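Undergrad: Hey, dropping work_23.txt in here, compact mmCIF, C-alpha atoms and all ligand atoms:
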```
# COMPACT_ATOMS: atom_id res chain seq x y z
CA MET A 80 28.66 -17.91 -19.66
CA THR A 81 24.92 -17.74 -19.23
CA ASP A 82 22.57 -18.59 -16.40
CA ALA A 83 19.51 -19.55 -18.39
CA ARG A 84 18.84 -23.26 -17.73
CA THR A 85 15.58 -22.41 -15.99
CA PRO A 86 13.85 -19.11 -15.32
CA THR A 87 15.58 -17.06 -12.69
CA PRO A 88 13.23 -15.46 -10.18
CA ALA A 89 13.00 -11.71 -10.16
CA PRO A 90 15.76 -10.35 -7.94
CA ALA A 91 14.37 -9.48 -4.56
CA GLY A 92 13.48 -5.80 -4.70
CA PRO A 93 14.06 -3.48 -1.79
CA SER A 94 10.72 -4.34 -0.21
CA THR A 95 11.26 -8.10 -0.22
CA TRP A 96 14.78 -8.28 1.21
CA ALA A 97 13.40 -7.54 4.67
CA ALA A 98 10.63 -10.14 4.44
CA GLY A 99 12.89 -13.08 5.30
CA ASP A 100 15.48 -13.71 7.98
CA TYR A 101 18.27 -12.13 5.94
CA PRO A 102 20.37 -11.28 9.04
CA ALA A 103 20.85 -15.02 9.65
CA MET A 104 22.28 -15.36 6.15
CA ALA A 105 24.38 -12.20 6.54
CA HIS A 106 25.94 -13.73 9.64
CA ARG A 107 27.14 -16.69 7.53
CA LEU A 108 28.40 -14.37 4.76
CA ALA A 109 30.54 -12.20 7.04
CA PRO A 110 33.84 -13.87 5.98
CA VAL A 111 33.29 -12.65 2.41
CA ALA A 112 32.93 -9.06 3.60
CA GLU A 113 36.18 -9.40 5.58
CA GLN A 114 37.89 -10.78 2.49
CA VAL A 115 36.64 -7.96 0.24
CA VAL A 116 37.78 -5.31 2.72
CA ARG A 117 41.18 -6.98 2.91
CA LEU A 118 41.52 -7.21 -0.89
CA ALA A 119 40.43 -3.59 -1.22
CA GLY A 120 43.37 -2.60 1.00
CA VAL A 121 41.17 -0.51 3.27
CA THR A 122 43.28 1.57 5.64
CA ALA A 123 42.57 4.00 8.46
CA GLY A 124 41.26 7.32 7.19
CA ALA A 125 40.28 6.01 3.73
CA GLY A 126 36.84 6.90 2.40
CA VAL A 127 34.84 3.73 1.80
CA LEU A 128 31.39 3.18 0.27
CA ASP A 129 29.70 -0.21 0.78
CA VAL A 130 27.02 -0.61 -1.90
CA GLY A 131 24.11 -2.89 -0.96
CA THR A 132 25.45 -3.02 2.57
CA GLY A 133 22.44 -4.92 4.00
CA THR A 134 23.08 -5.40 7.71
CA GLY A 135 26.47 -3.74 7.23
CA ASN A 136 28.99 -6.60 7.09
CA ALA A 137 31.57 -4.92 4.83
CA ALA A 138 30.86 -1.40 6.10
CA LEU A 139 31.53 -2.51 9.68
CA ALA A 140 34.64 -4.48 8.70
CA ALA A 141 36.02 -1.35 7.00
CA ALA A 142 35.07 0.88 9.94
CA ARG A 143 36.88 -1.46 12.34
CA ARG A 144 40.02 -0.63 10.33
CA GLY A 145 39.47 3.05 10.99
CA ALA A 146 38.10 3.92 7.55
CA LEU A 147 35.50 6.67 7.06
CA VAL A 148 32.60 4.55 5.91
CA THR A 149 29.23 5.04 4.26
CA GLY A 150 26.90 2.06 3.96
CA ALA A 151 24.29 2.37 1.20
CA ASP A 152 21.25 0.14 0.69
CA PRO A 153 17.67 0.59 -0.53
CA THR A 154 16.18 -1.57 2.25
CA PRO A 155 15.55 0.58 5.35
CA GLU A 156 14.86 -2.37 7.65
CA LEU A 157 18.32 -3.83 6.96
CA LEU A 158 19.97 -0.42 7.33
CA ALA A 159 18.32 -0.08 10.74
CA LEU A 160 19.94 -3.35 11.82
CA ALA A 161 23.28 -2.20 10.38
CA SER A 162 22.99 1.01 12.34
CA GLU A 163 22.28 -0.90 15.57
CA ARG A 164 25.34 -3.06 14.98
CA ALA A 165 27.52 0.02 14.41
CA ALA A 166 26.18 1.68 17.55
CA ALA A 167 26.87 -1.46 19.59
CA GLU A 168 30.51 -1.36 18.49
CA GLY A 169 30.80 2.43 18.69
CA LEU A 170 31.63 2.70 14.99
CA PRO A 171 30.73 6.02 13.30
CA VAL A 172 29.31 4.73 9.97
CA VAL A 173 27.03 6.92 7.82
CA TRP A 174 24.00 5.00 6.52
CA GLN A 175 22.22 6.02 3.31
CA GLU A 176 18.98 4.62 1.95
CA VAL A 177 19.82 4.54 -1.74
CA ASP A 178 20.12 1.96 -4.49
CA ALA A 179 23.30 1.21 -6.37
CA GLU A 180 22.24 3.19 -9.43
CA ARG A 181 21.83 6.43 -7.46
CA ILE A 182 24.87 6.51 -5.20
CA THR A 183 26.82 9.77 -5.15
CA GLY A 184 30.01 11.12 -3.62
CA ARG A 185 33.71 10.30 -3.95
CA TYR A 186 35.41 7.42 -2.11
CA ASP A 187 38.83 5.80 -2.13
CA ARG A 188 37.21 2.38 -2.10
CA VAL A 189 33.81 1.37 -3.48
CA LEU A 190 32.85 -2.11 -2.29
CA SER A 191 29.91 -4.35 -2.96
CA VAL A 192 29.38 -7.80 -1.46
CA PHE A 193 26.45 -9.50 -3.20
CA GLY A 194 24.74 -6.08 -3.39
CA ALA A 195 25.18 -4.19 -6.68
CA MET A 196 24.51 -7.46 -8.53
CA TYR A 197 20.81 -7.03 -7.61
CA ALA A 198 20.46 -3.62 -9.28
CA PRO A 199 17.97 -3.92 -12.16
CA HIS A 200 20.30 -2.06 -14.54
CA ALA A 201 23.83 -3.39 -14.23
CA ARG A 202 25.26 -0.76 -16.56
CA SER A 203 24.00 2.20 -14.53
CA ALA A 204 24.99 0.57 -11.23
CA ALA A 205 28.53 -0.01 -12.51
CA ASP A 206 28.70 3.53 -13.93
CA ALA A 207 27.65 4.94 -10.56
CA MET A 208 30.29 2.86 -8.78
CA ILE A 209 32.95 4.07 -11.22
CA ARG A 210 31.82 7.70 -10.77
CA CYS A 211 32.00 7.34 -6.98
CA CYS A 212 35.54 5.95 -7.09
CA ALA A 213 38.22 8.60 -6.61
CA PRO A 214 41.24 8.74 -8.98
CA GLY A 215 43.66 6.01 -7.93
CA GLY A 216 40.91 4.25 -6.00
CA ARG A 217 39.51 0.72 -6.26
CA VAL A 218 36.14 -0.88 -6.82
CA VAL A 219 35.86 -4.39 -5.35
CA SER A 220 32.83 -6.56 -6.09
CA ALA A 221 31.84 -10.01 -4.86
CA ALA A 222 29.06 -11.78 -6.76
CA TRP A 223 27.68 -15.33 -6.96
CA THR A 224 28.77 -17.15 -10.12
CA PRO A 225 26.28 -18.31 -12.81
CA GLY A 226 27.25 -21.98 -12.45
CA GLY A 227 27.61 -22.13 -8.67
CA PHE A 228 25.52 -23.35 -5.77
CA MET A 229 23.59 -20.08 -5.34
CA ALA A 230 22.53 -20.22 -8.97
CA ALA A 231 21.37 -23.83 -8.44
CA THR A 232 19.16 -22.78 -5.52
CA ASN A 233 17.84 -19.87 -7.60
CA HIS A 234 16.84 -22.30 -10.35
CA VAL A 235 14.71 -24.13 -7.78
CA PHE A 236 13.14 -20.88 -6.60
CA GLY A 237 12.52 -19.99 -10.24
CA ARG A 238 10.25 -23.01 -10.62
CA PHE A 239 8.05 -21.81 -7.74
CA LEU A 240 8.06 -18.01 -8.01
CA PRO A 241 6.47 -15.67 -10.54
CA PRO A 242 8.60 -15.16 -13.66
CA PRO A 243 11.04 -12.26 -13.75
CA PRO A 244 9.95 -9.07 -15.51
CA PRO A 245 10.49 -9.10 -19.29
CA GLY A 246 14.10 -8.29 -20.10
CA GLY A 247 15.23 -9.02 -16.54
CA GLN A 248 18.76 -10.38 -16.39
CA PRO A 249 20.19 -12.80 -13.82
CA PRO A 250 22.14 -11.07 -11.04
CA THR A 251 24.78 -13.81 -11.35
CA ARG A 252 26.02 -12.09 -14.53
CA TRP A 253 28.14 -10.12 -12.05
CA GLY A 254 29.90 -13.41 -11.26
CA ASP A 255 31.00 -13.87 -14.87
CA PRO A 256 34.45 -12.32 -15.55
CA GLU A 257 33.57 -11.67 -19.20
CA PHE A 258 30.51 -9.68 -18.25
CA LEU A 259 32.39 -7.78 -15.55
CA ARG A 260 34.98 -6.75 -18.10
CA THR A 261 32.20 -5.16 -20.14
CA LEU A 262 31.02 -3.28 -17.05
CA PHE A 263 34.32 -1.97 -15.70
CA PRO A 264 37.38 -0.47 -17.40
CA GLY A 265 41.00 -1.20 -16.48
CA GLU A 266 41.04 -5.02 -16.79
CA PRO A 267 39.46 -6.16 -13.52
CA THR A 268 41.43 -8.82 -11.65
CA CYS A 269 38.98 -11.67 -11.12
CA THR A 270 39.33 -14.64 -8.77
CA VAL A 271 36.84 -17.42 -8.05
CA GLU A 272 36.36 -18.12 -4.36
CA ARG A 273 34.12 -20.43 -2.31
CA ILE A 274 32.27 -20.12 0.96
CA ALA A 275 31.04 -23.19 2.82
CA PHE A 276 27.63 -23.60 4.42
CA ALA A 277 27.10 -26.49 6.85
CA PHE A 278 23.81 -27.74 8.31
CA GLY A 279 22.59 -30.75 10.25
CA SER A 280 20.69 -32.16 7.28
CA PRO A 281 19.51 -31.21 3.77
CA ALA A 282 16.02 -30.56 5.16
CA GLU A 283 17.39 -28.21 7.83
CA ALA A 284 19.44 -26.44 5.17
CA ALA A 285 16.42 -25.99 2.91
CA GLY A 286 14.40 -24.60 5.81
CA PHE A 287 17.12 -22.08 6.64
CA TRP A 288 17.50 -21.02 3.00
CA ILE A 289 13.76 -20.49 2.53
CA ARG A 290 13.37 -18.61 5.84
CA ALA A 291 16.18 -16.25 4.81
CA ALA A 292 14.81 -15.55 1.32
CA GLY A 293 12.45 -12.59 1.52
CA HIS A 294 11.35 -12.95 -2.11
CA VAL A 295 10.23 -16.50 -1.27
CA GLN A 296 8.57 -15.56 2.02
CA VAL A 297 6.33 -13.03 0.27
CA GLU A 298 5.02 -15.91 -1.90
CA ARG A 299 4.47 -18.26 1.04
CA ALA A 300 0.67 -17.89 1.30
CA ARG A 301 0.22 -18.64 -2.40
CA LEU A 302 2.58 -21.63 -2.31
CA VAL A 303 0.87 -23.04 0.78
CA ALA A 304 -2.58 -22.53 -0.77
CA THR A 305 -1.54 -24.31 -3.97
CA GLY A 306 0.10 -27.17 -2.06
CA ARG A 307 3.59 -26.26 -3.35
CA TRP A 308 5.27 -25.10 -0.13
CA ASP A 309 6.41 -28.59 0.92
CA ALA A 310 7.53 -29.41 -2.63
CA LEU A 311 9.73 -26.31 -2.61
CA HIS A 312 11.40 -27.50 0.61
CA GLU A 313 11.86 -30.99 -0.83
CA GLU A 314 13.35 -29.80 -4.13
CA LEU A 315 15.71 -27.47 -2.35
CA ALA A 316 16.76 -30.20 0.09
CA THR A 317 17.55 -32.37 -2.93
CA VAL A 318 19.84 -29.67 -4.32
CA PHE A 319 21.64 -29.49 -0.97
CA ALA A 320 22.05 -33.27 -0.99
CA GLU A 321 23.36 -33.22 -4.58
CA TRP A 322 25.90 -30.51 -3.78
CA ASN A 323 26.90 -32.05 -0.45
CA ARG A 324 30.68 -32.26 0.00
CA GLN A 325 30.62 -33.68 3.53
CA PRO A 326 32.30 -37.10 3.76
CA ARG A 327 29.72 -39.82 4.43
CA ASP A 328 32.15 -42.48 5.68
CA GLY A 329 32.49 -41.20 9.20
CA ALA A 330 35.92 -39.76 8.43
CA GLY A 331 34.55 -36.22 8.39
CA ASP A 332 33.42 -34.01 11.21
CA GLY A 333 29.78 -35.10 11.09
CA ASP A 334 27.80 -38.26 11.75
CA GLY A 335 26.94 -38.78 8.09
CA THR A 336 23.61 -36.91 8.22
CA GLY A 337 25.10 -33.42 7.94
CA VAL A 338 25.43 -31.45 4.75
CA ARG A 339 28.17 -29.07 3.67
CA VAL A 340 27.99 -27.17 0.40
CA GLU A 341 30.42 -24.73 -1.15
CA ALA A 342 29.03 -21.68 -2.93
CA GLU A 343 31.22 -20.14 -5.59
CA TYR A 344 31.58 -16.40 -6.01
CA LEU A 345 33.71 -14.09 -8.09
CA VAL A 346 35.75 -11.33 -6.52
CA ALA A 347 36.73 -8.57 -8.93
CA VAL A 348 39.22 -5.84 -8.11
CA VAL A 349 38.93 -2.87 -10.44
CA HIS A 350 41.15 0.20 -10.86
CA PRO A 351 38.71 2.24 -12.92
CA HIS A 352 40.73 5.46 -13.34
C1 LIG A 401 22.55 -10.65 -0.45
S1 LIG A 401 22.24 -9.12 0.35
C2 LIG A 401 23.92 -8.60 0.68
C3 LIG A 401 24.00 -7.68 1.85
C4 LIG A 401 25.40 -7.41 2.38
N1 LIG A 401 26.24 -6.78 1.41
C5 LIG A 401 26.03 -8.69 2.90
O1 LIG A 401 27.15 -9.02 2.47
O2 LIG A 401 25.43 -9.34 3.76
C6 LIG A 401 21.75 -8.09 -0.97
C7 LIG A 401 21.55 -6.65 -0.57
O3 LIG A 401 21.38 -5.90 -1.77
C8 LIG A 401 20.44 -4.91 -1.52
N2 LIG A 401 19.89 -4.46 -2.80
C9 LIG A 401 18.80 -4.90 -3.47
N3 LIG A 401 18.62 -4.18 -4.58
C10 LIG A 401 19.62 -3.28 -4.62
C11 LIG A 401 19.96 -2.22 -5.51
N4 LIG A 401 19.24 -1.94 -6.59
N5 LIG A 401 21.05 -1.47 -5.22
C12 LIG A 401 21.79 -1.73 -4.12
N6 LIG A 401 21.50 -2.70 -3.23
C13 LIG A 401 20.44 -3.47 -3.48
C14 LIG A 401 19.42 -5.55 -0.60
O4 LIG A 401 18.66 -4.60 0.09
C15 LIG A 401 20.33 -6.39 0.29
O5 LIG A 401 20.72 -5.66 1.41
```
Represent the structure contained in this file as structure tokens.
Ligand SMILES: C[S@@+](CC[C@H](N)C(=O)[O-])C[C@H]1O[C@@H](n2cnc3c(N)ncnc32)[C@H](O)[C@@H]1O
TA:
Amino acid sequence: MTDARTPTPAPAGPSTWAAGDYPAMAHRLAPVAEQVVRLAGVTAGAGVLDVGTGTGNAALAAARRGALVTGADPTPELLALASERAAAEGLPVVWQEVDAERITGRYDRVLSVFGAMYAPHARSAADAMIRCCAPGGRVVSAAWTPGGFMAATNHVFGRFLPPPPPGGQPPTRWGDPEFLRTLFPGEPTCTVERIAFAFGSPAEAAGFWIRAAGHVQVERARLVATGRWDALHEELATVFAEWNRQPRDGAGDGDGTGVRVEAEYLVAVVHPH
């Protein structure tokens, strides 16, 4: 499976993830973190590493179960928010500013929820995750699929943002079971899941999506100056309308103007040793 219909924008690097309202998106993604922690079988006292923890969704979910958790991420601004959340709940999580390719240590569970997929070198990120997983432990990864809604929105962004660096690969490879099986030993168990996003209208949805996307926000001035900012909103709103699954006949929970999309992701459970 490939993800090459249109150029994929360069994955947001550490400096751009904080440029948008990512916490608002993280709030909506929290159920996936809960699911990954559940599938990982995190128990009290287990050592857990959350790779690409962002504002700490999976790290905090694991810590609430009494695990001994480290949350790792290269974006200090998001780690600061994660740390505030942990403090507010009185959870003793260790936070490390480090990217997926440079993680160290030994953990019973190595988790990543839409995090490691953004490492520029998938092979070295996966190797680091395998190295950090203790014998008998598990690696659990959640990643957007190449043919899903997130990829569709990325194709829109790709038409408006600078091209990815030469040789750059789409992060959604991590949502392809075949690719994951090349990354991880031990026959990963892969399941396709969906998370729903609901908004009042396609335009509202597009506005939210663009506000959350740091790698788009850093291009805002250029897109405004070239008269492309509104077109980006319109194209993205069209994608939301095309993917809308909300009933329009009044039988649903909305008034017919709302939009509800389902974004597909792959959860892989790996026993690497
Ligand atoms: C979509 S967010 C996911 C955050 C969090 N796991 C969640 O579920 O909300 C992607 C995260 O990956 C992080 N990231 C970007 N490049 C990374 C890399 N090379 N290694 C690890 N994390 C990275 C970003 O800083 C950001 O926090």
Undergrad: Which value, in Å to one decimal, gives the distance between CA of Gly227 in chain A and CA of Glu314 in chain A?
TA: 16.8 Å
Undergrad: Residues at most 9 Å from Phe239 in chain A, counting all atoms listed in the file, excluding those fewer than 5 positions away in the same chain, as a count of residues only?
TA: 7
Undergrad: Go ahead and compute the interatomic distance for CA of Tyr101 in chain A and CA of Gly184 in chain A, in Å to one decimal.
TA: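 These atoms are spaced 27.7 Å apart.
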Undergrad: Kindly give the distance, in Å, that separates CA of Phe236 in chain A and CA of Gly131 in chain A, rounded to a single decimal.
TA: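 Computing the Euclidean distance for CA of Phe236 in chain A and CA of Gly131 in chain A yields 21.8 Å.
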Undergrad: Can you build me a table of chain A residues sitting at most 6 Å from ligand LIG 401 (chain A), with the closest atom pair per residue and its distance in Å to one decimal, using all atoms listed in the file, sorted by chain and residue number, as a tab-separated table?
TA:
```
residue	atom	partner	partner_atom	distance
A:Gly92	CA	A:LIG401	N3	5.4
A:Pro93	CA	A:LIG401	O4	5.1
A:Trp96	CA	A:LIG401	O4	5.5
A:Ala105	CA	A:LIG401	O2	4.1
A:Leu108	CA	A:LIG401	O2	5.9
A:Ala112	CA	A:LIG401	O1	5.9
A:Val130	CA	A:LIG401	C12	5.8
A:Gly131	CA	A:LIG401	N6	3.5
A:Thr132	CA	A:LIG401	N1	4.0
A:Gly133	CA	A:LIG401	O5	3.2
A:Asn136	CA	A:LIG401	O1	5.5
A:Asp152	CA	A:LIG401	N6	4.8
A:Pro153	CA	A:LIG401	O4	5.3
A:Thr154	CA	A:LIG401	O4	4.5
A:Asp178	CA	A:LIG401	N5	3.6
A:Ala179	CA	A:LIG401	N5	3.7
A:Val192	CA	A:LIG401	N1	4.4
A:Phe193	CA	A:LIG401	C2	4.7
A:Gly194	CA	A:LIG401	O3	3.7
A:Ala195	CA	A:LIG401	C12	4.9
A:Tyr197	CA	A:LIG401	N3	4.7
A:Ala198	CA	A:LIG401	N4	3.4
```
Undergrad: At most 7 Å is the cut-off: for each residue in range 265-332 of chain A with any atom that close to an atom of range 340-351 of chain A, write down the nearest atom pair and the distance in Å rounded to one decimal, counting all atoms listed in the file, chain first then increasing number, as JSON lines.
TA:
```
{"residue": "A:Gly265", "atom": "CA", "partner": "A:Pro351", "partner_atom": "CA", "distance": 5.5}
{"residue": "A:Pro267", "atom": "CA", "partner": "A:Val349", "partner_atom": "CA", "distance": 4.5}
{"residue": "A:Thr268", "atom": "CA", "partner": "A:Val348", "partner_atom": "CA", "distance": 5.1}
{"residue": "A:Cys269", "atom": "CA", "partner": "A:Ala347", "partner_atom": "CA", "distance": 4.4}
{"residue": "A:Thr270", "atom": "CA", "partner": "A:Val346", "partner_atom": "CA", "distance": 5.4}
{"residue": "A:Val271", "atom": "CA", "partner": "A:Leu345", "partner_atom": "CA", "distance": 4.6}
{"residue": "A:Glu272", "atom": "CA", "partner": "A:Tyr344", "partner_atom": "CA", "distance": 5.3}
{"residue": "A:Arg273", "atom": "CA", "partner": "A:Glu343", "partner_atom": "CA", "distance": 4.4}
{"residue": "A:Ile274", "atom": "CA", "partner": "A:Ala342", "partner_atom": "CA", "distance": 5.3}
{"residue": "A:Ala275", "atom": "CA", "partner": "A:Glu341", "partner_atom": "CA", "distance": 4.3}
{"residue": "A:Phe276", "atom": "CA", "partner": "A:Val340", "partner_atom": "CA", "distance": 5.4}
{"residue": "A:Ala277", "atom": "CA", "partner": "A:Val340", "partner_atom": "CA", "distance": 6.5}
{"residue": "A:Phe319", "atom": "CA", "partner": "A:Val340", "partner_atom": "CA", "distance": 6.9}
{"residue": "A:Trp322", "atom": "CA", "partner": "A:Val340", "partner_atom": "CA", "distance": 5.7}
{"residue": "A:Asn323", "atom": "CA", "partner": "A:Val340", "partner_atom": "CA", "distance": 5.1}
{"residue": "A:Arg324", "atom": "CA", "partner": "A:Val340", "partner_atom": "CA", "distance": 5.8}
```
Undergrad: Give as a CSV table (one decimal) with C-alpha atoms, in the coordinates of the input each residue that has an atom at most 9 Å from (35.0, -4.8, 9.0) in the file, counting only C-alpha atoms.
TA:
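Below you can see part11.csv, which holds the result:
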```
chain,number,residue,atom,x,y,z
A,109,ALA,CA,30.5,-12.2,7.0
A,112,ALA,CA,32.9,-9.1,3.6
A,113,GLU,CA,36.2,-9.4,5.6
A,116,VAL,CA,37.8,-5.3,2.7
A,117,ARG,CA,41.2,-7.0,2.9
A,135,GLY,CA,26.5,-3.7,7.2
A,136,ASN,CA,29.0,-6.6,7.1
A,137,ALA,CA,31.6,-4.9,4.8
A,138,ALA,CA,30.9,-1.4,6.1
A,139,LEU,CA,31.5,-2.5,9.7
A,140,ALA,CA,34.6,-4.5,8.7
A,141,ALA,CA,36.0,-1.4,7.0
A,142,ALA,CA,35.1,0.9,9.9
A,143,ARG,CA,36.9,-1.5,12.3
A,144,ARG,CA,40.0,-0.6,10.3
```
